[in-house]
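Dropping run-v7.txt in here (compact mmCIF, C-alpha atoms and all ligand atoms):
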# COMPACT_ATOMS: atom_id res chain seq x y z
CA MET A 1 78.30 -78.27 -8.49
CA ILE A 2 81.10 -80.74 -9.21
CA LEU A 3 84.27 -80.12 -11.19
CA VAL A 4 85.30 -82.89 -13.64
CA SER A 5 88.24 -83.58 -15.93
CA ALA A 6 87.01 -82.52 -19.37
CA CYS A 7 88.33 -85.67 -21.08
CA LEU A 8 86.05 -87.79 -18.86
CA ALA A 9 83.08 -85.80 -20.16
CA GLY A 10 84.00 -86.61 -23.76
CA VAL A 11 86.08 -83.54 -24.64
CA PRO A 12 88.93 -84.60 -26.99
CA CYS A 13 91.59 -82.70 -25.01
CA ARG A 14 94.02 -85.50 -24.18
CA MET A 15 97.62 -85.48 -25.36
CA ASP A 16 96.65 -87.86 -28.21
CA GLY A 17 93.75 -85.65 -29.26
CA LYS A 18 91.19 -88.14 -27.93
CA ASP A 19 88.83 -88.26 -24.96
CA LYS A 20 88.36 -90.71 -22.09
CA LEU A 21 84.60 -90.63 -22.08
CA VAL A 22 82.79 -91.96 -19.03
CA PRO A 23 79.09 -91.71 -19.96
CA GLU A 24 78.02 -91.33 -16.31
CA ILE A 25 80.29 -88.26 -15.98
CA LYS A 26 79.13 -86.73 -19.27
CA ARG A 27 75.57 -87.07 -17.97
CA LEU A 28 76.52 -84.94 -14.94
CA VAL A 29 77.77 -82.20 -17.29
CA ASP A 30 74.77 -82.48 -19.64
CA GLY A 31 72.46 -82.28 -16.63
CA GLY A 32 74.09 -79.06 -15.41
CA LYS A 33 75.54 -80.72 -12.31
CA ALA A 34 79.22 -80.62 -13.30
CA ILE A 35 81.69 -78.24 -14.94
CA PRO A 36 84.41 -79.70 -17.22
CA VAL A 37 87.96 -78.29 -17.15
CA CYS A 38 91.21 -79.38 -18.78
CA PRO A 39 94.08 -77.78 -16.84
CA GLU A 40 96.67 -78.61 -19.50
CA VAL A 41 94.69 -76.86 -22.25
CA LEU A 42 93.92 -73.95 -19.89
CA GLY A 43 97.66 -73.70 -19.25
CA GLY A 44 98.23 -73.01 -22.94
CA LEU A 45 99.41 -76.42 -24.10
CA PRO A 46 98.28 -77.59 -27.56
CA THR A 47 96.18 -80.66 -28.40
CA PRO A 48 97.57 -83.07 -29.41
CA ARG A 49 100.75 -82.56 -27.36
CA ASP A 50 103.83 -84.38 -26.22
CA PRO A 51 103.13 -86.63 -23.21
CA SER A 52 104.40 -85.14 -19.94
CA GLU A 53 105.22 -86.64 -16.55
CA LYS A 54 106.15 -85.27 -13.11
CA ARG A 55 109.72 -85.76 -11.94
CA ASP A 56 111.46 -84.28 -8.89
CA GLY A 57 108.66 -81.77 -8.31
CA ARG A 58 108.62 -80.47 -11.89
CA VAL A 59 106.89 -81.58 -15.11
CA PHE A 60 108.76 -82.53 -18.28
CA SER A 61 107.52 -83.49 -21.73
CA LYS A 62 108.83 -86.68 -23.29
CA SER A 63 111.14 -84.58 -25.49
CA GLY A 64 112.65 -83.03 -22.35
CA LYS A 65 110.93 -79.63 -22.28
CA ASP A 66 110.17 -78.26 -18.82
CA VAL A 67 106.42 -77.54 -18.90
CA THR A 68 106.01 -76.89 -15.17
CA ALA A 69 104.95 -73.26 -15.71
CA GLU A 70 102.15 -74.28 -18.13
CA PHE A 71 100.93 -76.96 -15.71
CA ILE A 72 100.85 -74.50 -12.81
CA ARG A 73 99.12 -71.81 -14.88
CA GLY A 74 96.45 -74.31 -16.00
CA ALA A 75 95.94 -75.61 -12.48
CA GLU A 76 95.49 -72.08 -11.13
CA GLU A 77 93.04 -71.12 -13.89
CA SER A 78 91.09 -74.36 -13.28
CA LEU A 79 90.96 -73.60 -9.54
CA ARG A 80 89.61 -70.14 -10.39
CA ILE A 81 86.81 -71.78 -12.44
CA CYS A 82 86.18 -74.24 -9.60
CA ARG A 83 85.71 -71.39 -7.13
CA GLU A 84 83.65 -69.33 -9.56
CA HIS A 85 81.12 -72.19 -9.73
CA GLY A 86 81.25 -73.00 -6.03
CA CYS A 87 82.50 -76.54 -6.59
CA ARG A 88 83.34 -78.40 -3.37
CA CYS A 89 84.48 -81.66 -4.98
CA ALA A 90 86.02 -82.95 -8.18
CA ILE A 91 86.12 -86.15 -10.22
CA LEU A 92 89.48 -86.27 -11.97
CA LYS A 93 91.16 -88.59 -14.45
CA SER A 94 93.43 -91.10 -12.75
CA LYS A 95 97.22 -91.30 -13.33
CA SER A 96 97.47 -87.98 -15.22
CA PRO A 97 100.35 -85.58 -14.36
CA SER A 98 97.66 -82.91 -13.92
CA CYS A 99 94.59 -84.79 -12.72
CA GLY A 100 95.95 -87.99 -11.12
CA LEU A 101 95.14 -88.85 -7.49
CA GLY A 102 97.32 -91.12 -5.37
CA LEU A 103 99.17 -92.70 -8.29
CA ILE A 104 100.79 -90.98 -11.27
CA HIS A 105 103.27 -91.94 -13.99
CA ASN A 106 106.80 -92.11 -12.65
CA GLY A 107 108.60 -89.56 -14.87
CA ARG A 108 110.50 -92.16 -16.89
CA PHE A 109 107.88 -92.60 -19.64
CA ASP A 110 108.00 -96.38 -19.23
CA GLY A 111 104.41 -96.88 -18.11
CA GLY A 112 105.43 -97.24 -14.45
CA LEU A 113 103.50 -95.55 -11.64
CA VAL A 114 104.56 -93.93 -8.37
CA GLU A 115 102.62 -92.57 -5.41
CA GLY A 116 101.72 -88.93 -5.90
CA ASN A 117 99.16 -86.46 -7.17
CA GLY A 118 98.91 -84.49 -10.38
CA VAL A 119 99.69 -80.76 -10.28
CA PHE A 120 96.02 -79.73 -10.45
CA THR A 121 94.87 -82.40 -8.01
CA GLN A 122 97.43 -81.25 -5.45
CA LEU A 123 96.33 -77.63 -5.80
CA LEU A 124 92.68 -78.65 -5.27
CA LEU A 125 93.52 -80.74 -2.20
CA ASP A 126 95.62 -77.90 -0.77
CA SER A 127 92.62 -75.61 -1.34
CA GLY A 128 90.23 -77.85 0.60
CA ILE A 129 88.43 -79.38 -2.40
CA SER A 130 87.66 -83.13 -2.21
CA VAL A 131 88.96 -85.18 -5.13
CA MET A 132 88.06 -88.67 -6.35
CA THR A 133 89.10 -90.60 -9.44
CA GLU A 134 86.60 -91.69 -12.06
CA GLN A 135 86.87 -95.29 -10.77
CA GLU A 136 86.13 -94.17 -7.22
CA TYR A 137 83.12 -92.22 -8.46
CA LEU A 138 81.76 -95.19 -10.41
CA SER A 139 82.29 -97.54 -7.44
CA ALA A 140 80.55 -95.15 -5.05
CA LYS A 141 77.69 -94.64 -7.50
CA LYS A 142 77.25 -98.41 -7.88
CA GLU A 143 77.31 -98.84 -4.10
CA ILE A 144 74.61 -96.18 -3.63
CA GLU A 145 72.38 -97.60 -6.35
CA THR A 146 72.44 -101.25 -5.19
S1 LIG B 201 94.81 -82.57 -18.12
FE1 LIG B 201 93.19 -83.66 -17.04
S2 LIG B 201 91.35 -83.05 -18.17
FE2 LIG B 201 93.06 -82.55 -19.50
S3 LIG B 201 93.31 -84.33 -20.79
FE3 LIG B 201 94.69 -84.60 -19.05
S4 LIG B 201 93.52 -85.81 -17.58
FE4 LIG B 201 92.06 -84.97 -19.05
Just dump the structure as C-alpha cells.
Ligand code: SF4
Amino acid sequence: MILVSACLAGVPCRMDGKDKLVPEIKRLVDGGKAIPVCPEVLGGLPTPRDPSEKRDGRVFSKSGKDVTAEFIRGAEESLRICREHGCRCAILKSKSPSCGLGLIHNGRFDGGLVEGNGVFTQLLLDSGISVMTEQEYLSAKKEIET
C-alpha cells in the first residue's frame, strides 16, 4: 500500500479549497492501492485556510499565526494512518510546507523556494518511509512503461 497526498487524488483539501488532481494517482486510490491523507486537515486546520510556510524550524500562516502545533499534530496522525495500512512509501505534493520534498517555499510568501522538506515529509523520512514527489512518480512510471 502507498500513502498519497489527498489533494493529488482529487480531494479539494488545499488552502484555496481546490485539489491538485493527478489522474494517475487517483487511479491508485480508486484501485485500492493507495491511501489518501491530508496532514493539514488532520491537524485541525480549516479548508480553505490561510497559506502557511516554514521558517526557522516553525510554520507560520501568512497572517503571522504560528501553526506549528497543528502541522505536527497532522503529521503524526498521518503517520499513524500510514503505519495502520502498512505503507512503506509515499507520493507527496511538491513544495508544500507539509508534503514538500527537497524544495519548499521559503517562508517569505514571495513564491521563492529553499531546500528543505515539509513537516510531514520529514516525519516520514525520519520514520524510514520512502517519499517521492508526484513528478518523480510520473517520471518513474513513464520510464517503466516505455
Ligand atoms: S497538506 Fe499535503 S495533502 Fe493537504 S493540501 Fe497540502 S499538499 Fe495536499
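For the pair atom CA of Arg58 of chain A and atom CA of Leu8 of chain A, the separation is 24.7 Å.
Nearest to Gly57 of chain A of all the residues A:Leu124, A:Ala90, A:Cys99, A:Ala69 is A:Ala69, based on all atoms listed in the file.
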Return as a ChimeraX atom specification every polymer residue, whether protein, DNA or RNA, with at least one atom no more than 6 Å from an atom of ligand LIG 201 (chain B); count all atoms listed in the file. /A:5-7,13-14,37-40,93,96,98-99
Quick one: residues within 6 Å of (103.8, -87.3, -14.3) (file frame), counting all atoms listed in the file, please, as an NGL selection string. :A and (53-54 or 97 or 104-107)
Please, could you write that set of residues out with C-alpha atoms as a CSV table (one decimal), in the coordinates of the input?
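Generated output (out.csv):
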chain,number,residue,atom,x,y,z
A,53,GLU,CA,105.2,-86.6,-16.6
A,54,LYS,CA,106.2,-85.3,-13.1
A,97,PRO,CA,100.4,-85.6,-14.4
A,104,ILE,CA,100.8,-91.0,-11.3
A,105,HIS,CA,103.3,-91.9,-14.0
A,106,ASN,CA,106.8,-92.1,-12.6
A,107,GLY,CA,108.6,-89.6,-14.9
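Atom CA of Thr146 of chain A is positioned 26.0 Å from atom CA of Leu101 of chain A.
Candidate residues A:Val119, A:Ile144, A:Ile72, A:Val22 were compared for distance to Gly100 of chain A, and the nearest is A:Val119, using all atoms listed in the file.
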Might I get the box with edges along x, y and z of the file that holds all atoms of segment 40-54 of chain A listed there, padded by 6 Å on every side, given as centre and edge lengths in Å to one decimal, as AutoDock Vina command-line options?
--center_x 100.0 --center_y -79.8 --center_z -21.3 --size_x 24.2 --size_y 25.6 --size_z 28.3
Taking only C-alpha atoms into account, which of A:Met15, A:Gly102, A:Gly116, A:Asp50 comes nearest Met132 of chain A? A:Gly102
Using all atoms listed in the file, find all polymer residues with an atom at most 12 Å away from the point (82.3, -93.7, -9.0); report them as JSON, numbers by chain. {"A": [22, 23, 24, 25, 90, 91, 92, 93, 131, 132, 133, 134, 135, 136, 137, 138, 139, 140, 141, 142, 143, 144, 145]}
Resulting file, chosen residues, C-alpha atoms, as a PDB file, in the coordinates of the input:
ATOM      1  CA  VAL A  22      82.790 -91.960 -19.030  1.00  0.00           C
ATOM      2  CA  PRO A  23      79.090 -91.710 -19.960  1.00  0.00           C
ATOM      3  CA  GLU A  24      78.020 -91.330 -16.310  1.00  0.00           C
ATOM      4  CA  ILE A  25      80.290 -88.260 -15.980  1.00  0.00           C
ATOM      5  CA  ALA A  90      86.020 -82.950  -8.180  1.00  0.00           C
ATOM      6  CA  ILE A  91      86.120 -86.150 -10.220  1.00  0.00           C
ATOM      7  CA  LEU A  92      89.480 -86.270 -11.970  1.00  0.00           C
ATOM      8  CA  LYS A  93      91.160 -88.590 -14.450  1.00  0.00           C
ATOM      9  CA  VAL A 131      88.960 -85.180  -5.130  1.00  0.00           C
ATOM     10  CA  MET A 132      88.060 -88.670  -6.350  1.00  0.00           C
ATOM     11  CA  THR A 133      89.100 -90.600  -9.440  1.00  0.00           C
ATOM     12  CA  GLU A 134      86.600 -91.690 -12.060  1.00  0.00           C
ATOM     13  CA  GLN A 135      86.870 -95.290 -10.770  1.00  0.00           C
ATOM     14  CA  GLU A 136      86.130 -94.170  -7.220  1.00  0.00           C
ATOM     15  CA  TYR A 137      83.120 -92.220  -8.460  1.00  0.00           C
ATOM     16  CA  LEU A 138      81.760 -95.190 -10.410  1.00  0.00           C
ATOM     17  CA  SER A 139      82.290 -97.540  -7.440  1.00  0.00           C
ATOM     18  CA  ALA A 140      80.550 -95.150  -5.050  1.00  0.00           C
ATOM     19  CA  LYS A 141      77.690 -94.640  -7.500  1.00  0.00           C
ATOM     20  CA  LYS A 142      77.250 -98.410  -7.880  1.00  0.00           C
ATOM     21  CA  GLU A 143      77.310 -98.840  -4.100  1.00  0.00           C
ATOM     22  CA  ILE A 144      74.610 -96.180  -3.630  1.00  0.00           C
ATOM     23  CA  GLU A 145      72.380 -97.600  -6.350  1.00  0.00           C
TER      24      GLU A 145
END
Residues within 9 Å of Ile81 of chain A, please, as a list of chain:residue names. Count all atoms listed in the file; anything in the same chain fewer than 6 positions from it doesn't count. A:Leu3, A:Ile35, A:Val37, A:Cys87
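The coordinates place atom CA of Gly74 of chain A at 23.5 Å from atom CA of Asp30 of chain A.
In terms of minimum interatomic distance to Leu123 of chain A, A:Arg73 ranks closest within A:Arg108, A:Arg27, A:Arg73, A:Lys18, counting only C-alpha atoms.
Among A:Leu42, A:Leu21, A:Leu113, A:Ala34, the residue with the shortest atom-to-atom distance to Ile2 of chain A, counting all atoms listed in the file, is A:Ala34.
Of the listed residues (A:Lys26, A:Arg88, A:Pro51, A:Phe120), A:Phe120 comes nearest to Phe71 of chain A; the distances count all atoms listed in the file.
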